[in-house]
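Trainee: Take this structure first; my questions come after.
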Amino acid sequence: MKKFMTLAAIYYLLSTILYAGITDFKTIDAATKAYEQKAYNKSASLLRSLKKESPQKAYDLGNALYKAKRYKEAIKAYENAKGVDEAQRLHNIGNSYFMQNKLGEAIKSYEEALKIREDADTKYNLELAKKKKEQQKKKQQQKNKQNKQNQNQKKNDQQKKQNQDQKNKQNKDQKKNDQKKNDQQNKQEKNKNGQKKQDDKQKGQEKKKKSDQQKEGDKKKEDQKKKGDKSKSGEQKEKKPQDKKGDKSSAAGTPKKQKMSREEKLKQAELKRLLKKMGGKKAPTMMYQMGSGKPKRQEDIKPW
């Protein structure tokens, strides 16, 4: 705060001359003492109790409120103090805005005060306000940047979460589909195995039936064969001629044809005739065929 209540006794003496009576003088004196004792709220309250309004009263009230850190009320009091030192009034308004961190309004008030009068304190406060505003601007930019990064990060996190949720859902659906497919395959395999067992059982039954039929057929064939062999054996035994005594050719078991040609029959008849004529003499071992007049070659001769 700049140049507040310099030479207080003289100031209040002049104040008394200008706008106060005896009662007001006592109030002003009490307000001054409260201010000096840093009882700023009490000082402001005493000054407000004065009935007569004046620029000087408003200015003093503004100073007391400023010291009490009631900056918004101080600005209103300073705005009603037109008529006192204008540069000083604007300077104090700038300070009130500065303390509220309203740097734009503070800079404007300082600049207007400097237009009226150059002052080192006002100029210093102006530069301080500009510097602080620049810092706030950079800080705000960084904050905005950080907020943007946070928003992007949050957005990315949300996107990642959505992707992960979608992936989890896809995995869950895939697992469900795989399980369903596996169940279907197991069911098909079970049905296939069941069908195979049924087919194998049917094949086994058919094979057994076929085997039984084969055995039955083989048994029938064997029985028929035995029956046929027995019948053939009896037939052969029945048809076998009596061997003659001393007939070695019959004893040798030379097979005899069932049916003989006419020529063979004639030969056999001739042989019997010759045997009879010879009177039982021994039969020759070889004979030539009759009727041709010529003997055959040796290799064509066959024994009877």
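Going through the structure tokens in order, the chains are called A, B, and so on, while each chain numbers its residues from 1 and the ligands are numbered from 1 in the order shown.
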So that I can check the surroundings of range 96-107 of chain A, please list as a compact mmCIF listing (two decimals) with C-alpha atoms, in the first residue's frame every protein, DNA and RNA residue that reaches within 8 Å of it, counting only C-alpha atoms and ignoring chain neighbours fewer than 3 positions away.
Mentor:
# COMPACT_ATOMS: atom_id res chain seq x y z
CA TYR A 66 -7.64 -3.36 1.83
CA TYR A 71 -10.38 -6.44 -1.57
CA LYS A 72 -13.73 -6.48 -3.35
CA ALA A 74 -12.01 -1.92 -0.98
CA ILE A 75 -12.38 -1.48 -4.75
CA ASN A 92 -4.56 1.27 -4.92
CA ILE A 93 -7.36 -0.12 -7.14
CA TYR A 110 -1.52 0.58 -13.19
CA GLU A 111 -1.22 1.72 -16.80
CA LEU A 126 2.87 -3.17 -13.36
CA ALA A 129 1.65 -8.06 -12.65
CA LYS A 130 2.71 -8.63 -16.28
CA LYS A 132 2.93 -13.00 -13.03
CA LYS A 133 0.31 -12.98 -15.78
Trainee: Any idea what's packed within 9 Å of Glu86 in chain A, counting only C-alpha atoms, ignoring anything in its chain fewer than 4 positions away? Could you give it as a PDB file with N, CA and C atoms, in the first residue's frame?
Mentor:
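Output contents, as saved in result.pdb:
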ATOM      1  N   ALA A  81     -14.109   7.283  -4.200  1.00  0.00           N
ATOM      2  CA  ALA A  81     -13.176   8.283  -3.647  1.00  0.00           C
ATOM      3  C   ALA A  81     -12.652   9.225  -4.716  1.00  0.00           C
ATOM      4  N   LYS A  82     -13.403   9.398  -5.767  1.00  0.00           N
ATOM      5  CA  LYS A  82     -12.954  10.321  -6.813  1.00  0.00           C
ATOM      6  C   LYS A  82     -12.898  11.742  -6.257  1.00  0.00           C
ATOM      7  N   LEU A  90      -5.943   5.107  -8.410  1.00  0.00           N
ATOM      8  CA  LEU A  90      -5.849   4.038  -9.404  1.00  0.00           C
ATOM      9  C   LEU A  90      -4.787   3.000  -9.015  1.00  0.00           C
ATOM     10  N   HIS A  91      -3.704   3.499  -8.417  1.00  0.00           N
ATOM     11  CA  HIS A  91      -2.650   2.598  -7.964  1.00  0.00           C
ATOM     12  C   HIS A  91      -3.211   1.599  -6.930  1.00  0.00           C
ATOM     13  N   ALA A 113      -2.803   4.800 -14.151  1.00  0.00           N
ATOM     14  CA  ALA A 113      -2.138   5.629 -13.130  1.00  0.00           C
ATOM     15  C   ALA A 113      -0.849   6.220 -13.671  1.00  0.00           C
ATOM     16  N   ILE A 116      -1.134   9.281 -15.788  1.00  0.00           N
ATOM     17  CA  ILE A 116      -1.319  10.525 -15.037  1.00  0.00           C
ATOM     18  C   ILE A 116       0.009  11.005 -14.458  1.00  0.00           C
TER      19      ILE A 116
END
Trainee: Please identify the alpha helix (DSSP H) residues within range 42-87 of chain A (assignment by DSSP from backbone atoms) and present them as an MDAnalysis selection string.
Mentor: chainID A and resid 42:48 55:67 71:79 86:87
Trainee: Would you compute the distance between CA of Gly83 in chain A and CA of Tyr59 in chain A? Give it in Å to one decimal.
Mentor: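 Separating CA of Gly83 in chain A from CA of Tyr59 in chain A is a distance of 9.6 Å.
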Trainee: Mind giving me the straight-line distance from CA of Ala31 in chain A to CA of Ser54 in chain A in Å, one decimal?
Mentor: 15.9 Å
Trainee: Let me make sure I understand: among A:Pro55, A:Gly204, A:Gly194, A:Gly217, which one has the smallest atom-to-atom distance to Arg89 in chain A if we use only C-alpha atoms?
Mentor: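 The answer is A:Pro55, which sits nearest to Arg89 in chain A.
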Trainee: Expressed in Å to a single decimal, how great is the separation between CA of Gln56 in chain A and CA of Asp119 in chain A?
Mentor: 21.7 Å
